[in-house]
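This is run15.cif (mmCIF, C-alpha atoms and all ligand atoms).
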data_work
#
loop_
_atom_site.label_atom_id
_atom_site.label_comp_id
_atom_site.auth_asym_id
_atom_site.auth_seq_id
_atom_site.Cartn_x
_atom_site.Cartn_y
_atom_site.Cartn_z
CA MET A 267 49.75 116.38 147.19
CA PRO A 268 50.53 112.87 145.94
CA GLN A 269 53.11 112.83 143.16
CA SER A 270 51.74 111.52 139.87
CA SER A 271 53.78 108.46 138.99
CA THR A 272 55.41 108.39 135.56
CA PRO A 273 54.43 105.33 133.55
CA THR A 274 57.35 102.93 133.23
CA SER A 275 58.48 102.50 129.62
CA VAL A 276 58.70 99.03 128.14
CA TYR A 277 62.48 99.36 128.00
CA GLU A 278 62.62 100.30 131.70
CA GLN A 279 60.61 97.17 132.43
CA VAL A 280 63.14 95.14 130.44
CA LEU A 281 65.91 96.57 132.66
CA ASP A 282 63.98 95.57 135.79
CA GLN A 283 65.49 92.47 137.39
CA SER A 284 62.05 90.94 137.98
CA ASN A 285 61.72 90.47 134.21
CA ARG A 286 65.15 88.94 133.63
CA ALA A 287 63.95 85.32 133.50
CA ASN A 288 61.63 85.98 130.57
CA PRO A 289 62.04 89.32 128.81
CA TYR A 290 60.64 88.00 125.51
CA PRO A 291 57.00 89.17 125.91
CA LEU A 292 58.40 92.65 126.63
CA TYR A 293 60.50 92.46 123.47
CA ALA A 294 57.28 91.78 121.51
CA GLU A 295 55.89 94.99 123.09
CA LEU A 296 59.06 96.88 122.18
CA ARG A 297 58.82 95.80 118.53
CA LYS A 298 55.43 97.56 118.23
CA THR A 299 57.51 100.77 118.11
CA PRO A 300 60.59 99.71 116.12
CA VAL A 301 62.53 102.88 117.01
CA ALA A 302 61.40 104.13 120.43
CA ARG A 303 62.58 107.41 122.00
CA GLN A 304 63.25 107.15 125.74
CA ASP A 305 62.89 109.92 128.34
CA ASP A 306 66.67 110.30 128.55
CA GLY A 307 66.81 111.08 124.80
CA SER A 308 68.21 107.70 123.72
CA TYR A 309 66.53 105.49 121.10
CA VAL A 310 65.81 101.77 121.49
CA VAL A 311 65.67 99.82 118.22
CA SER A 312 64.02 96.40 118.40
CA THR A 313 63.08 95.10 114.93
CA TYR A 314 65.43 92.92 112.88
CA ARG A 315 65.45 95.02 109.71
CA GLU A 316 66.10 98.32 111.51
CA ILE A 317 68.82 96.83 113.75
CA VAL A 318 70.68 95.37 110.77
CA ALA A 319 70.32 98.63 108.81
CA LEU A 320 71.86 100.63 111.68
CA LEU A 321 74.64 98.08 112.29
CA HIS A 322 75.71 98.54 108.67
CA ASP A 323 75.27 102.34 108.64
CA PRO A 324 78.53 104.37 108.75
CA ARG A 325 76.57 107.25 110.31
CA VAL A 326 76.30 105.14 113.45
CA SER A 327 79.40 105.25 115.65
CA SER A 328 80.75 102.83 118.26
CA ASP A 329 83.31 105.39 119.38
CA ARG A 330 82.59 106.66 122.87
CA LEU A 331 84.27 109.92 121.94
CA SER A 332 81.51 110.61 119.38
CA GLY A 333 79.10 111.20 122.26
CA PRO A 334 77.60 114.42 123.53
CA ASP A 335 80.33 114.73 126.18
CA VAL A 336 82.97 115.25 123.52
CA GLY A 337 84.34 118.75 123.60
CA ARG A 338 84.47 119.04 127.36
CA PRO A 339 87.73 120.77 128.19
CA GLY A 340 90.59 118.33 128.18
CA GLU A 341 88.51 115.42 127.01
CA ASP A 342 88.25 116.09 123.31
CA GLU A 343 91.04 113.83 122.25
CA ARG A 344 92.28 110.37 122.97
CA SER A 345 95.15 111.38 125.20
CA GLY A 346 94.41 109.35 128.33
CA GLU A 347 95.59 105.89 129.30
CA PRO A 348 95.04 103.17 128.29
CA PRO A 349 94.33 103.24 124.53
CA THR A 350 90.92 102.13 123.33
CA SER A 351 90.29 98.56 122.18
CA PHE A 352 88.80 98.13 118.72
CA ILE A 353 85.25 97.40 119.92
CA HIS A 354 85.02 101.12 120.79
CA LEU A 355 86.58 102.42 117.57
CA ASP A 356 85.22 103.33 114.14
CA PRO A 357 87.00 102.81 110.80
CA PRO A 358 89.76 103.28 109.86
CA ALA A 359 91.25 102.84 113.37
CA HIS A 360 88.90 99.91 114.10
CA ASP A 361 89.82 98.03 110.95
CA ARG A 362 93.58 98.52 111.39
CA SER A 363 93.53 97.27 114.95
CA ARG A 364 91.12 94.37 114.32
CA ARG A 365 93.18 93.24 111.33
CA ALA A 366 96.40 93.32 113.34
CA VAL A 367 94.93 90.93 115.93
CA MET A 368 93.04 88.76 113.41
CA ARG A 369 96.31 88.02 111.54
CA HIS A 370 97.29 85.75 114.43
CA PHE A 371 93.84 84.45 115.32
CA GLY A 372 92.19 83.23 112.15
CA PRO A 373 92.11 82.85 108.36
CA PRO A 374 93.63 83.64 105.97
CA GLU A 375 97.00 84.01 107.75
CA THR A 376 96.48 81.74 110.78
CA PRO A 377 93.72 79.31 109.78
CA GLY A 378 94.71 76.62 112.28
CA ARG A 379 94.82 78.55 115.59
CA ILE A 380 91.26 77.85 116.76
CA GLU A 381 90.87 74.36 115.28
CA GLY A 382 94.26 73.62 116.87
CA MET A 383 92.67 74.26 120.28
CA ARG A 384 90.09 71.46 119.86
CA GLY A 385 92.21 68.91 121.76
CA ARG A 386 93.00 71.28 124.61
CA ILE A 387 89.34 72.37 124.97
CA THR A 388 88.19 68.73 124.92
CA GLU A 389 90.70 67.98 127.67
CA ILE A 390 89.41 70.89 129.82
CA VAL A 391 85.76 69.85 129.27
CA THR A 392 86.53 66.20 130.08
CA THR A 393 88.40 67.10 133.27
CA LEU A 394 85.56 69.33 134.48
CA ILE A 395 82.95 66.59 133.89
CA ASP A 396 85.20 63.94 135.46
CA GLY A 397 84.97 66.13 138.56
CA PHE A 398 81.21 65.45 138.72
CA GLU A 399 81.80 61.76 139.52
CA GLY A 400 80.43 60.72 142.89
CA ARG A 401 77.94 63.60 142.94
CA ASP A 402 74.23 63.53 142.12
CA GLN A 403 73.86 67.23 141.37
CA VAL A 404 76.00 70.15 140.18
CA ASP A 405 75.66 73.83 139.42
CA ILE A 406 76.33 73.99 135.69
CA VAL A 407 77.43 77.65 136.01
CA HIS A 408 79.83 77.34 138.93
CA ASP A 409 81.14 73.83 138.28
CA PHE A 410 81.40 73.92 134.50
CA ALA A 411 80.42 76.89 132.33
CA TYR A 412 82.27 79.52 134.40
CA PRO A 413 85.72 77.87 134.66
CA LEU A 414 85.78 76.63 131.05
CA PRO A 415 86.17 79.91 129.08
CA VAL A 416 88.67 81.39 131.58
CA THR A 417 90.89 78.37 131.17
CA VAL A 418 90.50 78.46 127.37
CA ILE A 419 91.25 82.16 126.99
CA CYS A 420 94.26 81.92 129.34
CA SER A 421 95.53 79.03 127.25
CA LEU A 422 95.00 81.03 124.01
CA LEU A 423 96.75 84.12 125.36
CA GLY A 424 99.57 82.19 127.01
CA VAL A 425 98.74 82.97 130.66
CA PRO A 426 100.19 80.41 133.11
CA ARG A 427 97.51 78.11 134.55
CA GLU A 428 98.27 78.94 138.16
CA ASP A 429 97.34 82.59 137.50
CA GLU A 430 93.82 81.76 136.25
CA PRO A 431 92.10 82.60 139.60
CA ARG A 432 93.23 86.22 139.18
CA PHE A 433 91.43 86.28 135.84
CA SER A 434 88.17 85.13 137.39
CA LYS A 435 88.35 88.10 139.76
CA TRP A 436 89.07 90.54 136.93
CA ALA A 437 86.32 88.99 134.80
CA ASP A 438 83.76 89.73 137.52
CA ALA A 439 84.90 93.34 137.82
CA LEU A 440 84.87 93.91 134.07
CA ILE A 441 81.39 92.44 133.66
CA GLU A 442 80.18 94.77 136.39
CA THR A 443 81.39 97.75 134.35
CA LEU A 444 79.08 96.71 131.50
CA ASP A 445 75.99 96.69 133.70
CA PRO A 446 74.01 99.90 133.07
CA ARG A 447 73.22 100.09 136.79
CA THR A 448 76.83 100.11 138.05
CA GLU A 449 77.83 103.34 139.79
CA ASP A 450 81.02 104.88 138.42
CA PRO A 451 81.82 102.08 135.94
CA GLU A 452 84.63 104.18 134.42
CA ARG A 453 86.58 104.10 137.69
CA LEU A 454 86.14 100.37 138.16
CA LEU A 455 87.13 99.84 134.54
CA ALA A 456 90.27 101.97 134.88
CA THR A 457 91.43 100.16 138.04
CA THR A 458 90.83 96.70 136.57
CA GLN A 459 92.46 97.57 133.27
CA ARG A 460 95.50 98.93 135.08
CA GLU A 461 95.91 95.72 137.09
CA MET A 462 95.40 93.49 134.05
CA SER A 463 97.72 95.55 131.84
CA SER A 464 100.51 95.40 134.33
CA TYR A 465 100.09 91.64 134.78
CA LEU A 466 99.79 90.92 131.03
CA ASN A 467 102.80 93.08 130.28
CA ASP A 468 104.89 90.83 132.52
CA VAL A 469 103.46 87.73 130.78
CA ILE A 470 104.45 89.18 127.39
CA GLU A 471 107.97 89.96 128.54
CA SER A 472 108.55 86.45 129.83
CA SER A 473 107.01 84.67 126.85
CA LEU A 474 108.94 86.88 124.41
CA ALA A 475 112.10 85.84 126.24
CA ASN A 476 111.04 82.18 125.81
CA GLN A 477 109.92 82.71 122.17
CA GLY A 478 106.40 81.38 122.90
CA ASP A 479 103.89 80.84 120.08
CA ASP A 480 100.82 81.86 122.08
CA LEU A 481 98.67 84.74 120.83
CA LEU A 482 100.13 87.43 123.09
CA SER A 483 103.74 86.79 122.21
CA THR A 484 103.10 86.48 118.45
CA LEU A 485 101.23 89.80 118.59
CA ALA A 486 103.99 91.41 120.64
CA ALA A 487 106.62 90.26 118.14
CA ASP A 488 104.92 92.25 115.31
CA ASP A 489 106.57 95.53 114.40
CA PRO A 490 104.25 98.50 115.11
CA THR A 491 105.72 100.40 112.16
CA CYS A 492 104.58 97.56 109.81
CA GLY A 493 100.95 97.17 110.85
CA GLY A 494 101.60 95.72 114.30
CA LEU A 495 100.15 97.11 117.52
CA SER A 496 101.98 99.27 120.03
CA ARG A 497 102.40 97.59 123.43
CA GLN A 498 99.60 99.73 124.91
CA GLU A 499 97.23 98.86 122.04
CA LEU A 500 98.10 95.21 122.41
CA LEU A 501 97.30 95.28 126.13
CA ALA A 502 93.97 97.05 125.57
CA ASN A 503 92.97 94.47 122.95
CA ALA A 504 94.14 91.49 125.02
CA ILE A 505 91.82 92.70 127.79
CA LEU A 506 89.05 93.08 125.20
CA LEU A 507 89.45 89.45 124.06
CA PHE A 508 89.24 88.35 127.63
CA VAL A 509 86.19 90.36 128.63
CA ALA A 510 84.29 89.88 125.36
CA GLY A 511 84.86 86.14 125.42
CA HIS A 512 84.23 85.24 129.03
CA GLU A 513 80.75 85.94 130.37
CA THR A 514 79.28 85.56 126.86
CA THR A 515 80.54 82.00 126.53
CA VAL A 516 79.52 81.13 130.11
CA ASN A 517 75.99 82.25 129.26
CA LEU A 518 75.80 80.44 125.93
CA ILE A 519 76.79 77.13 127.52
CA THR A 520 74.42 77.64 130.45
CA ASN A 521 71.53 78.81 128.26
CA GLY A 522 72.25 75.81 126.05
CA MET A 523 71.96 73.29 128.85
CA LEU A 524 68.84 75.02 130.19
CA THR A 525 67.21 75.01 126.77
CA LEU A 526 68.07 71.35 126.14
CA LEU A 527 66.65 70.32 129.50
CA ARG A 528 63.48 72.21 128.63
CA HIS A 529 63.37 70.42 125.24
CA PRO A 530 64.10 66.75 126.09
CA ASP A 531 63.25 65.56 122.55
CA THR A 532 66.06 67.69 121.17
CA LEU A 533 68.41 66.55 123.95
CA ASN A 534 67.71 62.89 123.09
CA ARG A 535 68.09 63.64 119.40
CA LEU A 536 71.53 65.16 120.05
CA ARG A 537 72.61 61.89 121.68
CA GLU A 538 71.67 60.02 118.50
CA GLU A 539 72.75 62.67 115.97
CA PRO A 540 75.99 64.36 117.14
CA GLU A 541 76.10 66.47 113.95
CA LEU A 542 72.98 68.27 115.17
CA ILE A 543 75.24 70.30 117.47
CA ASP A 544 76.23 72.80 114.74
CA PRO A 545 72.72 74.06 113.83
CA LEU A 546 71.66 73.64 117.46
CA VAL A 547 74.26 76.14 118.70
CA GLU A 548 73.23 78.58 115.93
CA GLU A 549 69.61 78.30 117.02
CA LEU A 550 70.65 78.92 120.64
CA LEU A 551 72.38 82.11 119.55
CA ARG A 552 69.05 83.23 118.08
CA TYR A 553 66.65 81.88 120.68
CA GLU A 554 68.60 82.47 123.96
CA PRO A 555 71.51 84.74 122.99
CA PRO A 556 74.04 85.80 125.65
CA VAL A 557 74.17 89.41 124.38
CA HIS A 558 70.73 91.04 124.49
CA PHE A 559 71.83 94.60 123.64
CA ALA A 560 74.77 95.76 121.58
CA LEU A 561 77.04 98.36 123.17
CA ARG A 562 75.58 101.85 122.85
CA ARG A 563 76.04 103.54 119.50
CA ILE A 564 75.93 107.28 118.70
CA ALA A 565 74.21 108.93 115.71
CA LEU A 566 76.87 110.99 113.89
CA THR A 567 74.16 112.87 112.00
CA ASP A 568 70.33 112.92 111.91
CA ILE A 569 69.16 109.47 110.79
CA ASP A 570 65.67 108.82 109.41
CA ILE A 571 64.52 105.29 110.08
CA ALA A 572 61.12 103.59 110.39
CA GLY A 573 59.32 106.96 110.36
CA THR A 574 61.47 108.42 113.19
CA THR A 575 64.43 110.78 113.09
CA ILE A 576 67.23 109.85 115.46
CA PRO A 577 68.93 113.21 116.04
CA GLN A 578 72.68 113.76 115.74
CA GLY A 579 74.44 112.93 119.02
CA ALA A 580 71.63 110.69 120.33
CA SER A 581 72.62 107.37 121.80
CA ILE A 582 71.18 104.23 120.22
CA VAL A 583 70.42 100.92 121.96
CA LEU A 584 70.17 97.99 119.54
CA ALA A 585 68.07 95.21 121.07
CA LEU A 586 69.68 92.23 119.31
CA ALA A 587 67.64 89.66 121.27
CA ALA A 588 64.38 91.37 120.28
CA GLY A 589 65.48 91.31 116.63
CA ASN A 590 66.17 87.59 116.94
CA ARG A 591 62.50 86.99 117.83
CA ASP A 592 61.07 89.30 115.13
CA PRO A 593 58.23 87.41 113.36
CA ASP A 594 58.81 89.50 110.22
CA ARG A 595 62.20 87.81 109.91
CA PHE A 596 61.84 84.37 111.54
CA ASP A 597 58.84 82.03 111.21
CA ASN A 598 57.43 81.02 114.54
CA PRO A 599 60.24 82.90 116.34
CA ASP A 600 59.37 81.77 119.88
CA ARG A 601 59.90 78.13 118.90
CA PHE A 602 63.32 76.53 119.54
CA ASP A 603 63.99 74.77 116.25
CA PRO A 604 67.52 73.61 115.39
CA ASP A 605 66.27 72.64 111.91
CA ARG A 606 65.36 76.24 111.12
CA PRO A 607 66.58 77.19 107.64
CA ASP A 608 68.15 80.59 106.86
CA ASN A 609 69.04 81.29 110.49
CA GLU A 610 70.93 84.57 110.14
CA HIS A 611 70.63 85.49 113.81
CA LEU A 612 72.09 88.53 115.55
CA GLY A 613 73.69 86.53 118.38
CA PHE A 614 77.16 87.52 117.16
CA ASN A 615 76.04 90.93 115.86
CA SER A 616 76.31 91.97 112.20
CA GLY A 617 78.49 94.41 110.26
CA ILE A 618 82.02 95.53 111.06
CA HIS A 619 81.77 94.73 114.77
CA TYR A 620 80.65 91.13 114.11
CA CYS A 621 82.01 88.99 116.94
CA PHE A 622 85.74 88.49 116.53
CA GLY A 623 85.77 85.34 118.67
CA ALA A 624 82.78 83.58 117.06
CA PRO A 625 84.77 80.52 115.85
CA LEU A 626 86.21 79.96 119.33
CA ALA A 627 82.84 80.51 121.07
CA ARG A 628 81.17 78.05 118.69
CA LEU A 629 83.84 75.40 119.22
CA GLU A 630 83.79 75.71 123.03
CA THR A 631 80.00 75.54 123.21
CA GLN A 632 79.70 72.67 120.75
CA LEU A 633 82.25 70.57 122.66
CA ALA A 634 80.78 71.52 126.06
CA LEU A 635 77.15 70.69 125.26
CA THR A 636 78.01 67.51 123.36
CA GLU A 637 79.97 66.14 126.32
CA LEU A 638 77.40 67.16 128.94
CA VAL A 639 74.60 65.49 126.99
CA HIS A 640 76.58 62.32 126.37
CA ARG A 641 77.98 61.88 129.86
CA LEU A 642 75.28 62.98 132.31
CA ARG A 643 72.79 60.16 132.89
CA ASN A 644 69.19 61.35 133.10
CA PRO A 645 69.95 65.05 133.76
CA ARG A 646 67.10 67.13 135.30
CA LEU A 647 66.58 70.77 136.16
CA LEU A 648 66.22 71.41 139.88
CA THR A 649 64.74 74.92 139.50
CA ASP A 650 62.96 76.39 136.53
CA PRO A 651 63.38 79.26 135.91
CA PRO A 652 66.84 79.45 137.47
CA PRO A 653 68.04 82.63 139.21
CA TYR A 654 69.52 85.20 136.81
CA ARG A 655 72.45 87.59 137.05
CA PRO A 656 71.28 91.20 137.22
CA ASN A 657 72.92 92.37 133.98
CA PRO A 658 70.23 92.89 131.29
CA ARG A 659 72.78 93.23 128.48
CA LEU A 660 74.78 90.07 129.06
CA ARG A 661 71.88 87.98 130.26
CA GLY A 662 72.28 84.55 131.81
CA PRO A 663 71.55 82.42 134.90
CA SER A 664 73.71 82.97 138.00
CA HIS A 665 73.21 79.28 138.91
CA LEU A 666 71.83 76.27 137.09
CA PRO A 667 71.38 73.37 139.51
CA VAL A 668 71.05 70.07 137.64
CA ALA A 669 70.51 66.57 139.14
CA PHE A 670 71.63 63.36 137.38
CA ASP A 671 72.03 59.61 137.98
CA GLY A 672 75.76 59.24 137.45
CA VAL A 673 78.42 60.15 134.90
CA ALA A 674 79.25 57.97 131.89
CA PRO A 675 82.96 57.56 131.07
CA SER A 676 84.29 59.85 128.34
CA SER A 677 84.41 58.18 124.93
C1 LIG B 1 79.01 82.83 122.93
C2 LIG B 1 79.96 83.67 123.04
C3 LIG B 1 80.00 85.03 122.42
C4 LIG B 1 78.97 85.84 122.02
C5 LIG B 1 77.47 85.57 122.09
C6 LIG B 1 79.57 87.06 121.51
C7 LIG B 1 78.84 88.12 120.97
C8 LIG B 1 79.40 89.29 120.50
C9 LIG B 1 78.64 90.44 120.05
C10 LIG B 1 77.12 90.55 120.02
C11 LIG B 1 79.53 91.39 119.67
C12 LIG B 1 79.22 92.79 119.15
C13 LIG B 1 79.29 93.83 120.26
C14 LIG B 1 78.91 95.20 119.78
O1 LIG B 1 79.39 95.65 118.73
O2 LIG B 1 78.12 95.86 120.45
C15 LIG B 1 80.85 90.84 119.86
C16 LIG B 1 82.02 91.50 119.57
C17 LIG B 1 83.25 90.99 119.88
N1 LIG B 1 83.54 89.75 120.39
FE1 LIG B 1 82.24 88.30 120.88
N2 LIG B 1 80.92 86.96 121.60
C18 LIG B 1 81.22 85.73 122.14
C19 LIG B 1 82.48 85.20 122.37
C20 LIG B 1 83.65 85.84 122.08
C21 LIG B 1 84.97 85.29 122.29
C22 LIG B 1 85.28 83.87 122.80
C23 LIG B 1 85.85 86.27 121.96
C24 LIG B 1 87.36 86.28 121.98
C25 LIG B 1 88.16 85.29 122.07
C26 LIG B 1 85.08 87.43 121.51
C27 LIG B 1 85.63 88.62 121.07
C28 LIG B 1 84.90 89.67 120.58
C29 LIG B 1 85.51 90.92 120.14
C30 LIG B 1 87.00 91.23 120.17
C31 LIG B 1 84.48 91.75 119.69
C32 LIG B 1 84.61 93.14 119.08
C33 LIG B 1 84.57 93.03 117.56
C34 LIG B 1 84.74 94.38 116.88
O3 LIG B 1 84.46 95.41 117.50
O4 LIG B 1 85.17 94.37 115.72
N3 LIG B 1 83.76 87.12 121.59
N4 LIG B 1 80.74 89.56 120.38
#

Target encoding structure tokens, full file:
Amino acid sequence: MPQSSTPTSVYEQVLDQSNRANPYPLYAELRKTPVARQDDGSYVVSTYREIVALLHDPRVSSDRLSGPDVGRPGEDERSGEPPTSFIHLDPPAHDRSRRAVMRHFGPPETPGRIEGMRGRITEIVTTLIDGFEGRDQVDIVHDFAYPLPVTVICSLLGVPREDEPRFSKWADALIETLDPRTEDPERLLATTQREMSSYLNDVIESSLANQGDDLLSTLAADDPTCGGLSRQELLANAILLFVAGHETTVNLITNGMLTLLRHPDTLNRLREEPELIDPLVEELLRYEPPVHFALRRIALTDIDIAGTTIPQGASIVLALAAGNRDPDRFDNPDRFDPDRPDNEHLGFNSGIHYCFGAPLARLETQLALTELVHRLRNPRLLTDPPPYRPNPRLRGPSHLPVAFDGVAPSS
């Protein structure tokens, strides 16, 4: 007898690679059921109001140990190696760890760290675009957006430049662990984290000996008994900064160039009005965000929302990119409009896990897009839509071939 085929849920269609280039019509379908139970017992939340409510709800946990597997013999406490980075922790452990890193990254105690990187980032951007001279086409991903954030994060952490290629390899492995379709992601994660920890530990030792002022050595110099991180915590969070800041920034820059080339009026306007770059990047984070789904959350208790009860222990998928296109929150949401007022997008999340690296990501993307637009003469897309990476959560093109008629000198 023929098997009756199970209808594919809208969320399963979103996960299907064939819909990666344009998942937005499916997100409109998803929003018809703001909180949708899936066959595996998880809940997909797709409307702006409900996503924000859950992101601010202390009954929703980011801690993987809150899940249904907790209580399995030998796995009911955090005894394994390495310690968890703060993205996977709930308060108070989350807040303590995040604060310890933030002290050396941003205001109020270190207000100048990111702004102080402007010159170095400009130099990296300029060098990459100088490398386009003599060519009439490039792959914006491979030749520009991919190398930029690795170089920036290595410079922030204090990793020697010659070791950057190792980081590209680790970045690929770590991104693979975030893809819901990867088999045995925990094993890949453990191997990669072990290699990175051992390498970063050596970097810390040598920069402590040289009294460096990079982020890793200032963090390592803090006393763990006075709010500082233990060495193992520091290593776990250094890896977090790296993984959270790499592919995301690659995708924002690439999505930005793609969107500008699809909206030539805005591209020309940016040439005339450089200050447009600030609202333009915010609108990109709403319209083509790099992170389409937040990391899975767990309901700590039954939660009633939008006429549905999410039961205790259920896993929750927050579809940030669907919330960003919710017509109940944004007028004409499918329109790319850098002049949009009140643009409180979910591109960097909301609540206590709001993106830690947002100021750095903004600065990198603003400098990158401004330079590309000013220096590439008559840039054109060679394929539209471009090919996409398979990952539905961190969504972005795998290649973005662009043709142009020469490179203007840097100003
Ligand atoms: C365009 C680039 C970026 C985007 C779109 C982005 C987006 C996000 C989002 C959506 C989250 C929330 C994840 C969740 O809770 O499920 C997040 C968290 C985080 N991001 Fe970013 N990010 C970007 C760049 C960066 C950079 C450059 C860094 C570091 C230098 C960074 C570090 C972090 C960290 C550490 C967290 C965890 C915050 C916490 O749990 O308190 N991100 N980011």

Which residues of chain A have any atom within 6 Å of an atom in ligand LIG 1 (chain B) when counting all atoms listed in the file, and what is the closest pair of atoms for each, with the distance in Å to one decimal? Order the rows by chain and rising number and write it as JSON lines.
{"residue": "A:Phe352", "atom": "CA", "partner": "B:LIG1", "partner_atom": "O3", "distance": 5.3}
{"residue": "A:Ile353", "atom": "CA", "partner": "B:LIG1", "partner_atom": "O3", "distance": 3.2}
{"residue": "A:Leu506", "atom": "CA", "partner": "B:LIG1", "partner_atom": "C30", "distance": 5.7}
{"residue": "A:Leu507", "atom": "CA", "partner": "B:LIG1", "partner_atom": "C24", "distance": 4.3}
{"residue": "A:Ala510", "atom": "CA", "partner": "B:LIG1", "partner_atom": "C26", "distance": 4.6}
{"residue": "A:Gly511", "atom": "CA", "partner": "B:LIG1", "partner_atom": "C21", "distance": 3.2}
{"residue": "A:Thr514", "atom": "CA", "partner": "B:LIG1", "partner_atom": "C2", "distance": 4.3}
{"residue": "A:Thr515", "atom": "CA", "partner": "B:LIG1", "partner_atom": "C2", "distance": 3.9}
{"residue": "A:Leu518", "atom": "CA", "partner": "B:LIG1", "partner_atom": "C1", "distance": 5.0}
{"residue": "A:Pro556", "atom": "CA", "partner": "B:LIG1", "partner_atom": "C5", "distance": 4.9}
{"residue": "A:Val557", "atom": "CA", "partner": "B:LIG1", "partner_atom": "C10", "distance": 5.4}
{"residue": "A:Ala560", "atom": "CA", "partner": "B:LIG1", "partner_atom": "O2", "distance": 3.5}
{"residue": "A:Leu561", "atom": "CA", "partner": "B:LIG1", "partner_atom": "O2", "distance": 3.8}
{"residue": "A:Gly613", "atom": "CA", "partner": "B:LIG1", "partner_atom": "C5", "distance": 5.4}
{"residue": "A:Phe614", "atom": "CA", "partner": "B:LIG1", "partner_atom": "C10", "distance": 4.2}
{"residue": "A:Asn615", "atom": "CA", "partner": "B:LIG1", "partner_atom": "C10", "distance": 4.3}
{"residue": "A:Ile618", "atom": "CA", "partner": "B:LIG1", "partner_atom": "O4", "distance": 5.7}
{"residue": "A:His619", "atom": "CA", "partner": "B:LIG1", "partner_atom": "O4", "distance": 3.5}
{"residue": "A:Tyr620", "atom": "CA", "partner": "B:LIG1", "partner_atom": "C12", "distance": 5.5}
{"residue": "A:Cys621", "atom": "CA", "partner": "B:LIG1", "partner_atom": "C16", "distance": 3.6}
{"residue": "A:Phe622", "atom": "CA", "partner": "B:LIG1", "partner_atom": "C28", "distance": 4.3}
{"residue": "A:Gly623", "atom": "CA", "partner": "B:LIG1", "partner_atom": "C23", "distance": 3.4}
{"residue": "A:Ala624", "atom": "CA", "partner": "B:LIG1", "partner_atom": "C19", "distance": 5.6}
{"residue": "A:Leu626", "atom": "CA", "partner": "B:LIG1", "partner_atom": "C22", "distance": 5.3}
{"residue": "A:Ala627", "atom": "CA", "partner": "B:LIG1", "partner_atom": "C22", "distance": 4.5}

Residue with the minimum atom-to-atom distance to Pro324 of chain A, picked from A:Asp438, A:Asp356, A:Asp480, A:Asp570 with all atoms listed in the file counted, is A:Asp356

Long-range neighbours of segment 458-468 of chain A as a PyMOL selection string, 10 Å cut-off, all atoms listed in the file, 6 positions minimum in chain:
chain A and resi 347-348+423-425+429+432-433+435-440+443+452+474+482+486+497-498+500-502+504-506

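Here atom CA of Pro377 of chain A and atom CA of Pro625 of chain A stand 10.9 Å from one another.
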
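Minimum atom-to-atom distances from A:Ala302, A:Ala294, A:Val326, A:Ile406 to Ser275 of chain A were compared using only C-alpha atoms, and the lowest value belongs to A:Ala302.
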
May I have the residues within 9 Å of Met523 of chain A as a PyMOL selection string, using only C-alpha atoms and disregarding those fewer than 6 positions away in the same chain?
chain A and resi 406+635+638-639+666

Atoms added to segment 431-441 of chain A (N, CA and C atoms), reported as a PDB file, in the frame of the given file:
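Result file part12.pdb:
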ATOM      1  N   PRO A 431      93.021  82.009 138.615  1.00  0.00           N
ATOM      2  CA  PRO A 431      92.100  82.600 139.600  1.00  0.00           C
ATOM      3  C   PRO A 431      92.064  84.128 139.564  1.00  0.00           C
ATOM      4  N   ARG A 432      93.221  84.757 139.269  1.00  0.00           N
ATOM      5  CA  ARG A 432      93.230  86.220 139.180  1.00  0.00           C
ATOM      6  C   ARG A 432      92.294  86.679 138.069  1.00  0.00           C
ATOM      7  N   PHE A 433      92.270  85.902 136.974  1.00  0.00           N
ATOM      8  CA  PHE A 433      91.430  86.280 135.840  1.00  0.00           C
ATOM      9  C   PHE A 433      89.947  86.187 136.165  1.00  0.00           C
ATOM     10  N   SER A 434      89.583  85.230 137.010  1.00  0.00           N
ATOM     11  CA  SER A 434      88.170  85.130 137.390  1.00  0.00           C
ATOM     12  C   SER A 434      87.765  86.401 138.131  1.00  0.00           C
ATOM     13  N   LYS A 435      88.651  86.889 138.981  1.00  0.00           N
ATOM     14  CA  LYS A 435      88.350  88.100 139.760  1.00  0.00           C
ATOM     15  C   LYS A 435      88.224  89.307 138.809  1.00  0.00           C
ATOM     16  N   TRP A 436      89.135  89.424 137.867  1.00  0.00           N
ATOM     17  CA  TRP A 436      89.070  90.540 136.930  1.00  0.00           C
ATOM     18  C   TRP A 436      87.836  90.411 136.030  1.00  0.00           C
ATOM     19  N   ALA A 437      87.506  89.193 135.657  1.00  0.00           N
ATOM     20  CA  ALA A 437      86.320  88.990 134.800  1.00  0.00           C
ATOM     21  C   ALA A 437      85.081  89.544 135.490  1.00  0.00           C
ATOM     22  N   ASP A 438      84.933  89.238 136.781  1.00  0.00           N
ATOM     23  CA  ASP A 438      83.760  89.730 137.520  1.00  0.00           C
ATOM     24  C   ASP A 438      83.712  91.252 137.510  1.00  0.00           C
ATOM     25  N   ALA A 439      84.871  91.869 137.762  1.00  0.00           N
ATOM     26  CA  ALA A 439      84.900  93.340 137.820  1.00  0.00           C
ATOM     27  C   ALA A 439      84.566  93.936 136.458  1.00  0.00           C
ATOM     28  N   LEU A 440      85.108  93.349 135.405  1.00  0.00           N
ATOM     29  CA  LEU A 440      84.870  93.910 134.070  1.00  0.00           C
ATOM     30  C   LEU A 440      83.412  93.770 133.654  1.00  0.00           C
ATOM     31  N   ILE A 441      82.799  92.639 133.998  1.00  0.00           N
ATOM     32  CA  ILE A 441      81.390  92.440 133.660  1.00  0.00           C
ATOM     33  C   ILE A 441      80.542  93.480 134.389  1.00  0.00           C
TER      34      ILE A 441
END
